[in-house]
Structure formats: structure tokens, C-alpha cells
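Novice: The following file, run-v2.cif, comprises mmCIF, C-alpha atoms and all ligand atoms:
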data_coords
loop_
_atom_site.label_atom_id
_atom_site.label_comp_id
_atom_site.auth_asym_id
_atom_site.auth_seq_id
_atom_site.Cartn_x
_atom_site.Cartn_y
_atom_site.Cartn_z
CA MET C 128 -63.21 -1.57 12.92
CA GLY C 129 -60.39 -3.06 10.77
CA THR C 130 -60.90 -2.27 7.11
CA SER C 131 -64.51 -1.26 7.61
CA PRO C 132 -65.39 2.02 5.89
CA TYR C 133 -67.47 2.88 8.96
CA HIS C 134 -65.48 5.12 11.24
CA PRO C 135 -67.92 6.96 13.48
CA ILE C 136 -66.92 10.59 13.76
CA TYR C 137 -67.82 10.38 17.46
CA ASP C 138 -66.73 7.65 19.91
CA ILE C 139 -69.77 6.36 21.82
CA THR C 140 -67.49 4.72 24.43
CA LYS C 141 -66.38 8.19 25.54
CA THR C 142 -68.27 11.09 27.10
CA PHE C 143 -69.44 14.09 25.10
CA GLU C 144 -66.75 16.23 26.76
CA GLU C 145 -64.03 13.68 25.93
CA ASN C 146 -65.17 13.62 22.31
CA LEU C 147 -65.13 17.39 22.23
CA ALA C 148 -61.61 17.49 23.66
CA LEU C 149 -60.41 14.90 21.13
CA GLY C 150 -62.13 16.46 18.12
CA PRO C 151 -63.58 14.49 15.20
CA ASN C 152 -62.22 11.01 14.52
CA PRO C 153 -59.36 11.60 12.02
CA ASN C 154 -60.37 8.38 10.20
CA TYR C 155 -63.75 9.89 9.37
CA LYS C 156 -62.91 10.75 5.74
CA ALA C 157 -64.87 10.03 2.60
CA THR C 158 -63.05 7.54 0.39
CA VAL C 159 -65.86 7.51 -2.18
CA LYS C 160 -65.45 10.51 -4.48
CA ALA C 161 -68.43 12.60 -5.56
CA PRO C 162 -68.82 12.96 -9.34
CA LEU C 163 -68.07 16.41 -10.74
CA SER C 164 -71.33 18.24 -11.29
CA LYS C 165 -72.39 21.84 -11.75
CA LYS C 166 -75.99 21.02 -10.85
CA THR C 167 -77.42 22.78 -7.80
CA TYR C 168 -80.56 22.38 -5.72
CA SER C 169 -82.50 25.04 -3.92
CA LEU C 170 -83.20 24.88 -0.19
CA LEU C 171 -84.63 27.78 1.80
CA GLY C 172 -83.45 30.24 -0.82
CA TYR C 173 -79.88 28.91 -0.89
CA LYS C 174 -78.18 26.90 -3.61
CA VAL C 175 -76.75 23.59 -2.41
CA LYS C 176 -74.72 21.03 -4.32
CA SER C 177 -77.00 18.26 -3.10
CA PRO C 178 -80.32 18.11 -1.25
CA PHE C 179 -78.80 15.91 1.43
CA GLY C 180 -77.07 16.63 4.70
CA ALA C 181 -76.37 15.90 8.33
CA ALA C 182 -79.19 16.41 10.85
CA ALA C 183 -78.51 17.86 14.31
CA SER C 184 -76.31 15.46 16.29
CA PRO C 185 -72.67 15.28 17.41
CA THR C 186 -71.70 15.63 13.71
CA GLY C 187 -72.38 19.31 14.44
CA ALA C 188 -70.69 19.34 17.87
CA ASP C 189 -68.48 22.31 16.99
CA SER C 190 -66.69 23.93 14.06
CA ARG C 191 -64.12 21.12 13.76
CA TYR C 192 -66.82 18.46 13.43
CA ILE C 193 -68.81 20.66 11.04
CA LYS C 194 -65.71 21.13 8.84
CA ALA C 195 -65.08 17.35 8.80
CA MET C 196 -68.66 16.82 7.59
CA PHE C 197 -68.40 19.43 4.83
CA ASP C 198 -65.02 17.93 3.84
CA SER C 199 -66.70 14.51 3.50
CA GLY C 200 -69.24 15.87 1.02
CA TYR C 201 -72.18 16.62 3.32
CA ASP C 202 -73.41 19.84 1.71
CA ILE C 203 -75.94 20.68 4.43
CA VAL C 204 -74.78 20.40 8.04
CA THR C 205 -76.83 21.16 11.14
CA SER C 206 -75.18 22.17 14.39
CA LYS C 207 -75.96 20.30 17.59
CA THR C 208 -78.84 22.14 19.30
CA ARG C 209 -77.63 25.28 21.13
CA ARG C 210 -79.05 26.94 24.22
CA SER C 211 -78.71 30.40 25.75
CA VAL C 212 -76.95 28.80 28.76
CA TYR C 213 -74.55 25.94 29.38
CA TYR C 214 -76.52 22.71 29.84
CA ARG C 215 -74.71 19.56 30.89
CA PRO C 216 -75.36 16.21 29.22
CA ASN C 217 -77.14 13.36 31.01
CA SER C 218 -74.72 10.95 32.68
CA PHE C 219 -72.66 8.55 30.57
CA PRO C 220 -73.35 6.35 28.62
CA ASN C 221 -75.44 8.42 26.24
CA ILE C 222 -75.68 6.09 23.25
CA VAL C 223 -76.34 2.35 23.08
CA HIS C 224 -76.76 0.04 20.11
CA ILE C 225 -80.18 -1.53 19.77
CA VAL C 226 -80.78 -5.10 18.64
CA PRO C 227 -81.16 -4.84 14.91
CA GLY C 228 -84.58 -5.86 13.83
CA LYS C 229 -87.66 -4.98 12.00
CA ILE C 230 -88.49 -1.45 11.11
CA LEU C 231 -91.08 0.10 13.43
CA LYS C 232 -94.29 0.00 11.46
CA ASN C 233 -96.16 3.25 11.44
CA HIS C 234 -99.63 1.73 11.56
CA ASN C 235 -99.36 -0.73 14.38
CA PHE C 236 -97.98 0.37 17.68
CA LYS C 237 -98.37 -3.13 19.10
CA GLU C 238 -95.26 -3.80 17.05
CA LEU C 239 -93.31 -1.39 19.22
CA PRO C 240 -91.68 -3.75 21.70
CA ASP C 241 -89.38 -2.62 24.45
CA ARG C 242 -86.00 -2.30 22.85
CA THR C 243 -82.97 -4.15 24.10
CA THR C 244 -79.36 -3.23 23.66
CA ALA C 245 -76.74 -5.02 21.61
CA SER C 246 -72.96 -4.77 21.79
CA SER C 247 -72.75 -3.72 18.16
CA SER C 248 -74.96 -3.37 15.15
CA ASP C 249 -74.45 -4.02 11.43
CA TYR C 250 -74.53 -0.85 9.38
CA ALA C 251 -77.40 -2.16 7.23
CA THR C 252 -79.70 -2.29 10.26
CA LEU C 253 -77.88 0.25 12.44
CA THR C 254 -80.22 1.43 15.18
CA ILE C 255 -79.20 3.27 18.32
CA ALA C 256 -80.86 4.87 21.32
CA ASN C 257 -79.52 8.12 22.69
CA SER C 258 -80.14 10.22 25.75
CA TYR C 259 -78.13 13.41 26.10
CA GLY C 260 -80.85 15.68 27.48
CA ASN C 261 -80.25 18.24 24.74
CA ASN C 262 -76.98 19.36 26.30
CA SER C 263 -75.45 22.59 25.11
CA LEU C 264 -72.08 24.24 25.18
CA ASP C 265 -71.87 27.63 26.88
CA PRO C 266 -72.77 30.45 24.46
CA ARG C 267 -69.42 32.03 25.38
CA TYR C 268 -67.92 29.07 23.49
CA TRP C 269 -70.52 28.21 20.86
CA VAL C 270 -71.24 31.74 19.57
CA PRO C 271 -67.63 32.58 18.57
CA ASP C 272 -67.15 29.00 17.39
CA ALA C 273 -70.29 29.27 15.22
CA GLN C 274 -68.93 32.53 13.80
CA LYS C 275 -65.85 30.58 12.72
CA ALA C 276 -67.95 27.71 11.30
CA ASN C 277 -70.24 30.09 9.39
CA ALA C 278 -67.22 31.90 7.93
CA GLU C 279 -65.81 28.60 6.61
CA VAL C 280 -68.92 27.45 4.71
CA GLY C 281 -68.06 26.88 1.05
CA LYS C 282 -70.01 27.52 -2.15
CA GLY C 283 -72.99 25.21 -2.51
CA GLN C 284 -72.91 24.33 1.19
CA LEU C 285 -75.32 25.36 3.94
CA LEU C 286 -74.84 25.39 7.71
CA ILE C 287 -78.02 25.34 9.80
CA THR C 288 -77.91 26.39 13.46
CA SER C 289 -80.26 24.43 15.71
CA ILE C 290 -81.60 26.15 18.83
CA VAL C 291 -83.90 25.45 21.76
CA GLY C 292 -85.24 27.40 24.75
CA THR C 293 -84.26 26.57 28.31
CA ILE C 294 -86.42 26.69 31.44
CA GLN C 295 -84.39 28.57 34.04
CA PRO C 296 -85.16 29.10 37.73
CA GLY C 297 -88.14 31.45 38.20
CA PHE C 298 -89.10 31.35 34.53
CA THR C 299 -92.74 31.67 33.50
CA THR C 300 -94.00 29.91 30.39
CA GLU C 301 -93.64 33.21 28.51
CA ASP C 302 -90.02 33.56 29.71
CA TYR C 303 -89.34 30.03 28.49
CA TYR C 304 -90.78 30.77 25.04
CA GLN C 305 -88.89 34.06 24.93
CA ASP C 306 -85.67 32.15 25.58
CA PHE C 307 -86.08 30.41 22.21
CA ALA C 308 -85.98 33.88 20.63
CA THR C 309 -82.99 34.91 22.77
CA THR C 310 -81.10 31.83 21.61
CA ALA C 311 -82.14 32.40 17.99
CA LEU C 312 -80.76 35.93 18.23
CA LEU C 313 -77.43 34.55 19.47
CA ALA C 314 -77.46 32.22 16.46
CA LYS C 315 -78.21 35.11 14.11
CA GLN C 316 -75.40 37.15 15.67
CA SER C 317 -73.05 34.23 15.00
CA GLY C 318 -73.84 34.54 11.30
CA ALA C 319 -76.43 31.75 10.98
CA LYS C 320 -77.96 31.64 7.50
CA VAL C 321 -80.77 29.31 8.60
CA ILE C 322 -82.07 28.62 12.11
CA GLU C 323 -83.78 25.38 13.13
CA ILE C 324 -86.07 25.47 16.17
CA ASN C 325 -85.88 22.14 17.96
CA PHE C 326 -89.40 21.40 19.20
CA SER C 327 -88.84 17.72 19.61
CA CYS C 328 -86.11 16.49 21.94
CA PRO C 329 -87.59 13.55 23.84
CA ASN C 330 -84.91 13.39 26.55
CA VAL C 331 -85.49 16.46 28.69
CA MET C 332 -87.85 15.65 31.55
CA ASN C 333 -89.00 19.08 32.71
CA GLU C 334 -89.13 20.75 29.30
CA GLY C 335 -91.49 18.21 27.71
CA VAL C 336 -91.87 17.85 23.96
CA LEU C 337 -93.33 21.12 22.66
CA CYS C 338 -94.12 19.91 19.15
CA TYR C 339 -97.34 18.26 20.35
CA ASP C 340 -98.68 21.61 21.64
CA PRO C 341 -99.89 23.82 18.75
CA LEU C 342 -100.28 26.90 20.97
CA ALA C 343 -96.69 26.60 22.16
CA VAL C 344 -95.44 26.03 18.62
CA ARG C 345 -97.29 29.12 17.39
CA ALA C 346 -96.06 31.32 20.26
CA VAL C 347 -92.43 30.25 19.88
CA CYS C 348 -92.41 30.51 16.08
CA GLN C 349 -93.94 33.98 16.26
CA LEU C 350 -91.44 35.22 18.86
CA VAL C 351 -88.48 33.80 16.96
CA ARG C 352 -89.72 35.25 13.67
CA GLN C 353 -90.15 38.70 15.24
CA THR C 354 -86.61 38.49 16.61
CA VAL C 355 -84.64 37.21 13.63
CA GLY C 356 -86.31 39.13 10.82
CA ASN C 357 -86.23 37.28 7.52
CA THR C 358 -83.67 34.58 8.38
CA PRO C 359 -85.13 31.28 7.10
CA LEU C 360 -86.58 29.19 9.93
CA ILE C 361 -87.14 25.45 10.25
CA ALA C 362 -89.45 23.82 12.82
CA LYS C 363 -88.11 20.39 13.78
CA ILE C 364 -90.80 18.02 15.03
CA GLY C 365 -91.14 14.46 16.26
CA TYR C 366 -93.31 11.59 15.05
CA PHE C 367 -97.09 11.92 15.25
CA PRO C 368 -98.82 8.52 15.34
CA GLN C 369 -101.47 8.32 12.62
CA PRO C 370 -104.42 8.65 15.05
CA GLU C 371 -102.94 12.09 15.88
CA GLN C 372 -103.31 13.38 12.32
CA LEU C 373 -105.52 16.29 13.40
CA LEU C 374 -102.92 17.35 15.95
CA LEU C 375 -100.23 17.23 13.25
CA GLU C 376 -102.41 19.42 11.03
CA ALA C 377 -102.90 21.87 13.91
CA VAL C 378 -99.15 22.05 14.50
CA ALA C 379 -98.40 22.56 10.79
CA THR C 380 -101.05 25.30 10.76
CA ALA C 381 -99.49 26.93 13.84
CA ALA C 382 -95.99 26.93 12.36
CA ALA C 383 -96.77 27.63 8.67
CA PRO C 384 -97.15 31.44 8.86
CA TYR C 385 -93.77 31.83 10.52
CA VAL C 386 -91.41 29.11 9.29
CA ASN C 387 -89.97 28.27 5.89
CA ALA C 388 -89.60 24.54 6.47
CA ILE C 389 -90.76 21.71 8.71
CA SER C 390 -88.25 18.99 9.47
CA GLY C 391 -89.01 15.59 10.95
CA ILE C 392 -88.55 13.33 12.59
CA ASN C 393 -86.48 13.62 15.71
CA THR C 394 -85.65 10.40 17.58
CA PHE C 395 -88.52 8.16 18.66
CA ALA C 396 -88.80 7.66 22.43
CA ALA C 397 -89.08 4.06 23.64
CA PRO C 398 -88.12 2.08 26.76
CA VAL C 399 -84.62 0.62 26.45
CA TYR C 400 -83.34 -2.33 28.52
CA ASP C 401 -79.97 -4.04 28.64
CA GLU C 402 -79.43 -7.81 28.14
CA ALA C 403 -80.14 -8.44 31.86
CA GLY C 404 -83.49 -6.67 31.64
CA ASN C 405 -82.38 -3.56 33.50
CA GLN C 406 -82.83 0.03 32.35
CA ALA C 407 -80.01 0.51 29.84
CA LEU C 408 -79.23 4.17 30.46
CA PRO C 409 -78.63 5.09 34.09
CA GLY C 410 -80.67 7.59 36.09
CA LYS C 411 -84.15 8.81 36.88
CA GLY C 412 -86.40 9.43 33.89
CA ARG C 413 -84.05 7.68 31.50
CA LEU C 414 -85.80 4.37 30.84
CA ARG C 415 -87.08 5.89 27.63
CA ALA C 416 -84.43 6.98 25.17
CA GLY C 417 -84.57 8.25 21.60
CA LEU C 418 -84.37 5.60 18.87
CA SER C 419 -82.76 6.55 15.60
CA GLY C 420 -81.44 4.86 12.48
CA HIS C 421 -82.83 1.91 10.54
CA ALA C 422 -85.75 1.09 12.86
CA ILE C 423 -87.41 4.49 12.49
CA LYS C 424 -87.19 4.88 8.72
CA ASP C 425 -90.87 4.09 8.06
CA LEU C 426 -91.91 6.57 10.72
CA GLY C 427 -89.88 9.40 9.18
CA LEU C 428 -91.07 8.54 5.69
CA ASP C 429 -94.68 8.48 6.87
CA MET C 430 -94.27 11.99 8.32
CA THR C 431 -92.72 13.34 5.12
CA LYS C 432 -95.71 12.09 3.12
CA ARG C 433 -98.21 13.54 5.59
CA LEU C 434 -96.45 16.94 5.80
CA VAL C 435 -96.37 17.16 2.00
CA THR C 436 -100.09 16.28 1.81
CA ILE C 437 -101.02 18.83 4.47
CA ARG C 438 -99.04 21.49 2.59
CA GLU C 439 -100.90 20.69 -0.63
CA GLN C 440 -104.34 20.48 0.96
CA LYS C 441 -103.99 23.71 2.93
CA GLY C 442 -101.93 25.71 0.45
CA TYR C 443 -98.98 26.22 2.81
CA LYS C 444 -95.55 27.12 1.48
CA TYR C 445 -93.15 25.35 3.88
CA GLU C 446 -90.44 23.07 2.52
CA VAL C 447 -90.28 19.55 3.95
CA ILE C 448 -87.02 18.14 5.28
CA GLY C 449 -87.21 14.36 5.69
CA VAL C 450 -85.22 12.77 8.51
CA GLY C 451 -85.16 9.28 10.02
CA GLY C 452 -83.29 6.10 9.16
CA VAL C 453 -81.43 7.30 6.08
CA LEU C 454 -78.44 4.95 5.85
CA THR C 455 -78.21 4.34 2.09
CA PRO C 456 -78.87 6.05 -1.27
CA LYS C 457 -82.09 4.00 -1.51
CA ASP C 458 -83.35 5.48 1.76
CA PHE C 459 -82.57 8.97 0.38
CA LYS C 460 -84.45 8.16 -2.82
CA ASP C 461 -87.48 6.90 -0.89
CA TYR C 462 -87.69 10.25 0.94
CA ARG C 463 -87.29 12.24 -2.27
CA SER C 464 -90.00 10.14 -3.93
CA ALA C 465 -92.23 10.89 -0.93
CA GLY C 466 -91.78 14.60 -1.69
CA ALA C 467 -88.98 15.69 0.67
CA ASP C 468 -87.33 18.91 -0.55
CA ALA C 469 -84.19 17.86 1.33
CA VAL C 470 -83.18 14.79 3.29
CA MET C 471 -81.02 14.57 6.38
CA SER C 472 -79.34 11.79 8.31
CA ALA C 473 -78.00 11.73 11.86
CA THR C 474 -77.17 8.09 12.65
CA GLY C 475 -76.03 7.25 9.11
CA ALA C 476 -73.96 10.43 8.97
CA LEU C 477 -72.34 9.72 12.35
CA TRP C 478 -71.15 6.29 11.17
CA ASN C 479 -70.61 6.60 7.44
CA PRO C 480 -68.29 9.27 6.01
CA ASN C 481 -69.17 8.07 2.50
CA LEU C 482 -72.94 8.41 2.68
CA ALA C 483 -73.14 11.91 1.16
CA ASN C 484 -70.91 11.05 -1.79
CA GLN C 485 -72.63 7.68 -2.29
CA ILE C 486 -75.89 9.61 -2.59
CA LYS C 487 -74.36 12.22 -4.92
CA LYS C 488 -73.34 9.42 -7.27
CA THR C 489 -77.03 8.60 -7.70
CA LEU C 490 -78.25 12.17 -8.35
C1 LIG C 501 -76.57 11.12 19.09
C2 LIG C 501 -77.69 11.97 18.58
C3 LIG C 501 -77.81 13.29 19.01
C4 LIG C 501 -78.85 14.09 18.53
N1 LIG C 501 -78.93 15.40 18.92
C5 LIG C 501 -79.91 16.19 18.41
C6 LIG C 501 -79.96 17.56 18.72
O1 LIG C 501 -79.11 18.11 19.43
N2 LIG C 501 -80.99 18.30 18.19
C7 LIG C 501 -81.95 17.75 17.36
O2 LIG C 501 -82.86 18.45 16.90
N3 LIG C 501 -81.90 16.43 17.05
C8 LIG C 501 -80.92 15.66 17.55
N4 LIG C 501 -80.86 14.33 17.20
C9 LIG C 501 -81.91 13.78 16.31
C10 LIG C 501 -81.47 13.69 14.86
O3 LIG C 501 -81.24 14.98 14.33
C11 LIG C 501 -82.52 12.97 13.99
O4 LIG C 501 -83.70 13.75 13.98
C12 LIG C 501 -82.87 11.57 14.47
O5 LIG C 501 -81.71 10.93 14.97
C13 LIG C 501 -83.47 10.73 13.37
O6 LIG C 501 -82.60 10.63 12.28
P1 LIG C 501 -81.63 9.35 12.02
O7 LIG C 501 -82.48 8.11 12.03
O8 LIG C 501 -80.97 9.64 10.71
O9 LIG C 501 -80.63 9.33 13.14
C14 LIG C 501 -79.81 13.52 17.66
C15 LIG C 501 -79.67 12.21 17.22
C16 LIG C 501 -78.63 11.43 17.66
C17 LIG C 501 -78.50 10.02 17.16
#
Reformat the file's structure so that it appears as C-alpha cells.

Specialist:
Amino acid sequence: MGTSPYHPIYDITKTFEENLALGPNPNYKATVKAPLSKKTYSLLGYKVKSPFGAAASPTGADSRYIKAMFDSGYDIVTSKTRRSVYYRPNSFPNIVHIVPGKILKNHNFKELPDRTTASSSDYATLTIANSYGNNSLDPRYWVPDAQKANAEVGKGQLLITSIVGTIQPGFTTEDYYQDFATTALLAKQSGAKVIEINFSCPNVMNEGVLCYDPLAVRAVCQLVRQTVGNTPLIAKIGYFPQPEQLLLEAVATAAAPYVNAISGINTFAAPVYDEAGNQALPGKGRLRAGLSGHAIKDLGLDMTKRLVTIREQKGYKYEVIGVGGVLTPKDFKDYRSAGADAVMSATGALWNPNLANQIKKTL
């Protein structure tokens, strides 16, 4: 990396477990200073120093990573998604760079070619594909660790705990939905101020992607709400192609009575090949991986606009958290102009310790 300011907090050439054992990259430190400001922004009833943060990803791997993010000026940090049971990651490698190229246009899916890998990617067009399978640490580790992380949150900062349900042997659909609530309760017991329900991981074969099923979204949101009382809830969803507008409206309608915010988008699933034309990520069911970063910015922005419009048209109250391809202050501004109440970055945040403070300089 030489003198590059880009020091990923997480080493993609190592496994998740190796990264966890090593802890956050010590070179991941903001060198850009945030201007002094007393201004605050409101998100989900909390005051934050900026309406920008780190979306769920390895930047929230555990309390040490979360602290490194807060220390670098990210005022909102989301934990990696947690489960009620240990869940191992898909086999290594889990992240590959994607050939930098044009942004995926939201209107024309013919422009969605198969993606091929590259050995590296310039920050300006940084695009990656990941496939972890929504792995989770054992609750015997993550619950006490989250207690520590929640206790360390400073003034004007917000830590969001992301959760998902897990299909376990013998589970019915109802058991599966109930497990979201069980996991949310663990999060609440760890001191979570805000809980994000991950409805949108594209990399788990048997669990599917629940966000495209309004009945499932309603059932899970209702169960979680009953279980956590008035803790603010976020529903995290994936991209809905424009012909699926009615489905998006149905999902927003299903979630709106129970959640305080809708966040999107998660990664965008696409086939990923290596330079030789072979499946890039090894193993059954792993041809498709989740794209994130520069290439998906238009998709995320499109969803922010549509979620804001649905809220206005139907009189809903949810806040909108815009995610997808935010690598620069301009990307942040585009999301804010589209109506996002807060903006989050995963890929940009993983690579760029200065992004939060660069954005704060423009506020
Ligand atoms: C390596 C990696 C791991 C991720 N893990 C999670 C996760 O555990 N839970 C979740 O809801 N989203 C997860 N995401 C999705 C991000 O939160 C985000 O929605 C997506 O990457 C799009 O934002 P971006 O373009 O800024 O990366 C992950 C993304 C990446 C790149």
C-alpha cells in the first residue's frame, strides 16, 4: 500500500478467523481531522455528530473493530450480523476485487454482465464481491463482547446491532421467524440501543432472501417488535428492480407498522468469474456473490428515492438509511439530496479510514 491512505481495516487475503485473531489493522487510522462542531443530527431518536456511518460488515466484527471505527470518526457503526448460534463462514476466499467499470444502471438489467475478478481495484471505482454466508460468532462470545462495545459508545455516537434468524434442524417456518426475535432479545440484553433486522443477505442458500416476501417481513417484524419493546428497529433490505415496485411497496407496508427505519441496499447478487472464466469463489451455490462498492451506487440511490416516495405517498413514518457505493463525500451528498435521513458505507468504510471525517468537513 506504500503511502496510500487506504489501509483496509480487514485483510482480504486472510480468513475471517485470522482477521479476528489479529484484530483491526493498526494502520487503519484517520489522518484527516474532523472540524470542531457542536451541530448534531437526529437518527432514530438519538443525537449523532454526523448522519453517516459504517454499515454491517467486518468493520463491526467485534468490539475492537467497532472502537477503531468510532476512533476514526464514524459516528454510527453497525455490528456484523449476529445469530443465536455459531455459524461458520463460507470457505476462503470470501472477498474478491471486481474489474472496475461502469456503474450498474438501475433501469437496464441487460447492462448487468457477469462480473470478473481483478487483482486490485482503484479506490475511485472500488467494487468487490463477497460471500461469507452471513457467518456469526457464538453468542457466548458476541453477547458479552457487545456489552463491552455498547458500554464504550461515546456522546454523539450510535452503535447498531444487526441480527438475523437461523434455520436449525427440525425448525418450522414459525420457529425460524421466532429465532429472529430470540436473537434480537440477545442483542437487547447486550445493551443494544438500535437493532437492525437483516432481511437481505444474498449468500445463504437455504435461508433465501426474506426481504422479497412481504408476509415473512411482516411476521418477523411483528415478532421482533413484541419481543424488544420500544427499542428502535431497522429493516435492512436488498435491491428491488424497478418492475418490482409493487412488491417493494408491499414490503414497506408490511414493515412500516413495526420498524422505525428501512435501510438499503445490501449487496447485489451476481455471477462472479475469475480471469480464466471459472467460478471465482469456491464451492456449491457460490457462483453468485454479493457486489458492493462503486458499481452498485445507482442501485442504492434509486432505492433511497423510492423508499422516500413510498413513505410520502402512504404517510408512513420510517426513516430511510441509504447504503450502496458511498466512497466519497459526493456520494454521501447524492444520498442526502435523495432524501436519506442517514447514509452508511461498508466497502468505502472498510478501505478508507478518512471517509467519515472527509464527509464531516463538507457538513
Ligand atoms: C465484506 C462485507 C460483509 C458484509 N456483511 C454484512 C452483514 O453481516 N450484514 C448485513 O446486513 N450486510 C452486510 N454487508 C452489506 C453491507 O452492509 C452493505 O449493505 C453493502 O455492502 C452495500 O454497501 P457498500 O456498497 O457501501 O459496500 C456486507 C458487505 C461487505 C462488503

Novice: Determine, counting only C-alpha atoms, which protein, DNA and RNA residues have an atom within 8 Å of an atom of region 373-380 of chain C; residues of the same chain fewer than 5 positions away are not included. Present the result as a list in words.

Specialist: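 The residues that qualify are Cys338, Tyr339, Asp340, Pro341, Val344, Arg345, Phe367, Ile389, Leu434 and Ile437 of chain C.
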
Novice: Hey, can I get the axis-aligned box for ligand LIG 501 (chain C)? All listed atoms, 8 Å padding on each side, centre and edge lengths in Å to one decimal, as lines of an AutoDock Vina configuration file.

Specialist:
center_x = -80.1
center_y = 13.3
center_z = 15.1
size_x = 23.1
size_y = 26.3
size_z = 24.7

Novice: What residues have an atom no more than 10 Å from (-79.7, 26.0, 19.3) in the file's own frame, counting all atoms listed in the file, and can you write them as a list of chain:residue names?

Specialist: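 Every residue inside that radius is included here: C:Ala183, C:Thr205, C:Ser206, C:Lys207, C:Thr208, C:Arg209, C:Arg210, C:Ser211, C:Asn261, C:Ser263, C:Leu264, C:Pro266, C:Trp269, C:Ile287, C:Thr288, C:Ser289, C:Ile290, C:Val291, C:Gly292, C:Phe307, C:Thr310, C:Ala311, C:Leu313, C:Ala314, C:Ile322, C:Glu323, C:Ile324, C:Asn325.
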
Novice: Contacts of Pro153 (chain C) at 9 Å or less, counting all atoms listed in the file, minus same-chain residues fewer than 2 places along, as a list of chain:residue names?

Specialist: C:His134, C:Ile136, C:Gly150, C:Pro151, C:Tyr155, C:Lys156, C:Ala195

Novice: Would you write out, as a tab-separated table, a table of all residues in chain C that have an atom no more than 8 Å from an atom of ligand LIG 501 (chain C), listing for each the closest atom pair and the distance in Å to one decimal, considering only C-alpha atoms and all ligand atoms and ordering rows by chain and rising residue number?

Specialist:
residue	atom	partner	partner_atom	distance
C:Ala181	CA	C:LIG501	O3	7.8
C:Ala182	CA	C:LIG501	O3	4.3
C:Ala183	CA	C:LIG501	O3	4.0
C:Ser184	CA	C:LIG501	C4	3.7
C:Pro185	CA	C:LIG501	C3	5.7
C:Ser206	CA	C:LIG501	O1	7.6
C:Lys207	CA	C:LIG501	O1	4.3
C:Thr208	CA	C:LIG501	O1	4.0
C:Arg209	CA	C:LIG501	O1	7.5
C:Asn221	CA	C:LIG501	C1	7.7
C:Ile222	CA	C:LIG501	C1	6.6
C:Thr254	CA	C:LIG501	O7	7.7
C:Ile255	CA	C:LIG501	C17	6.9
C:Ala256	CA	C:LIG501	C17	7.0
C:Asn257	CA	C:LIG501	C1	5.5
C:Ser258	CA	C:LIG501	C1	7.6
C:Tyr259	CA	C:LIG501	C3	7.1
C:Asn261	CA	C:LIG501	O1	5.4
C:Asn262	CA	C:LIG501	O1	7.3
C:Ser289	CA	C:LIG501	O2	6.6
C:Ile290	CA	C:LIG501	N2	7.9
C:Glu323	CA	C:LIG501	O2	7.9
C:Ile324	CA	C:LIG501	O2	7.8
C:Asn325	CA	C:LIG501	O2	4.9
C:Phe326	CA	C:LIG501	O2	7.5
C:Ser327	CA	C:LIG501	O2	6.6
C:Cys328	CA	C:LIG501	O2	6.3
C:Lys363	CA	C:LIG501	O2	6.4
C:Gly365	CA	C:LIG501	O4	7.8
C:Gly391	CA	C:LIG501	O4	6.4
C:Ile392	CA	C:LIG501	O4	5.1
C:Asn393	CA	C:LIG501	O4	3.3
C:Thr394	CA	C:LIG501	C12	4.3
C:Phe395	CA	C:LIG501	C13	7.8
C:Gly417	CA	C:LIG501	C15	7.7
C:Leu418	CA	C:LIG501	O5	7.1
C:Ser419	CA	C:LIG501	O7	3.9
C:Gly420	CA	C:LIG501	O7	3.4
C:His421	CA	C:LIG501	O7	6.4
C:Ala422	CA	C:LIG501	O7	7.8
C:Ile423	CA	C:LIG501	O7	6.1
C:Lys424	CA	C:LIG501	O7	6.6
C:Gly427	CA	C:LIG501	C13	7.8
C:Val450	CA	C:LIG501	O6	5.1
C:Gly451	CA	C:LIG501	O7	3.5
C:Gly452	CA	C:LIG501	O7	3.6
C:Val453	CA	C:LIG501	O8	5.2
C:Leu454	CA	C:LIG501	O8	7.2
C:Met471	CA	C:LIG501	O8	6.6
C:Ser472	CA	C:LIG501	O8	3.6
C:Ala473	CA	C:LIG501	O9	3.8
C:Thr474	CA	C:LIG501	O9	3.7
C:Gly475	CA	C:LIG501	O8	5.7
C:Ala476	CA	C:LIG501	O8	7.3
C:Leu477	CA	C:LIG501	C17	7.8

Novice: Enter the distance from CA of Arg352 (chain C) to CA of Ala308 (chain C), in Å, rounded to one decimal.

Specialist: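 About the pair CA of Arg352 (chain C) and CA of Ala308 (chain C): they are 8.0 Å apart.
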
Novice: Pick from C:Ala465, C:Leu163, C:Ala483, C:Ala188: nearest to Leu149 (chain C), with all atoms listed in the file counted?

Specialist: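 When distances to Leu149 (chain C) are compared using all atoms listed in the file, the smallest one comes from C:Ala188.
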
Novice: So the first atom is CA of Pro135 (chain C) and the second is CA of Asn481 (chain C); what is the distance between them in Å, to one decimal place?

Specialist: 11.1 Å

Novice: How many Å separate CA of Val347 (chain C) from CA of Tyr304 (chain C)?

Specialist: 5.4 Å

Novice: Go through C:Asn479, C:Gln353, C:Gln305, C:Asn405 one by one, measure the shortest atom-to-atom distance of each to Pro384 (chain C) using all atoms listed in the file, and give the residue with the smallest value.

Specialist: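 Nearest candidate to Pro384 (chain C) out of C:Asn479, C:Gln353, C:Gln305, C:Asn405: C:Gln353.
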
Novice: Step by step: start from the point (-67.3, 17.0, 32.3) in the file's coordinates, keep every protein, DNA or RNA residue that has an atom no farther than 12 Å from it, count all atoms listed in the file, and write the set as a PyMOL selection string.

Specialist: chain C and resi 141-148+213-219+262+264

Novice: Select, from C:Ala161, C:Gly180, C:Thr455, C:Val470, the residue with the minimum atom-to-atom distance to Tyr250 (chain C), counting all atoms listed in the file.

Specialist: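 The answer is C:Thr455, which sits nearest to Tyr250 (chain C).
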
Novice: Give me the residues near Ala397 (chain C) as a list in words, where near means some atom within 8 Å (using all atoms listed in the file) and where sequence neighbours in that chain fewer than 4 positions away do not count.

Specialist: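 The neighbour list is Asp241, Arg242, Leu414, Arg415, Ala416, Gly417 and Leu418 of chain C.
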
Novice: Which residue, C:Ser169, C:Asn154, C:Thr293, C:Ser164, has the smallest gap to Glu446 (chain C) when you use all atoms listed in the file?

Specialist: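 Answer, going by the shortest atom-to-atom distance: C:Ser169.
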
Novice: Which residue is closest to Gly318 (chain C)? Choose from C:Val280, C:Ala157, C:Ala382, C:Ala251 and count only C-alpha atoms.

Specialist: C:Val280
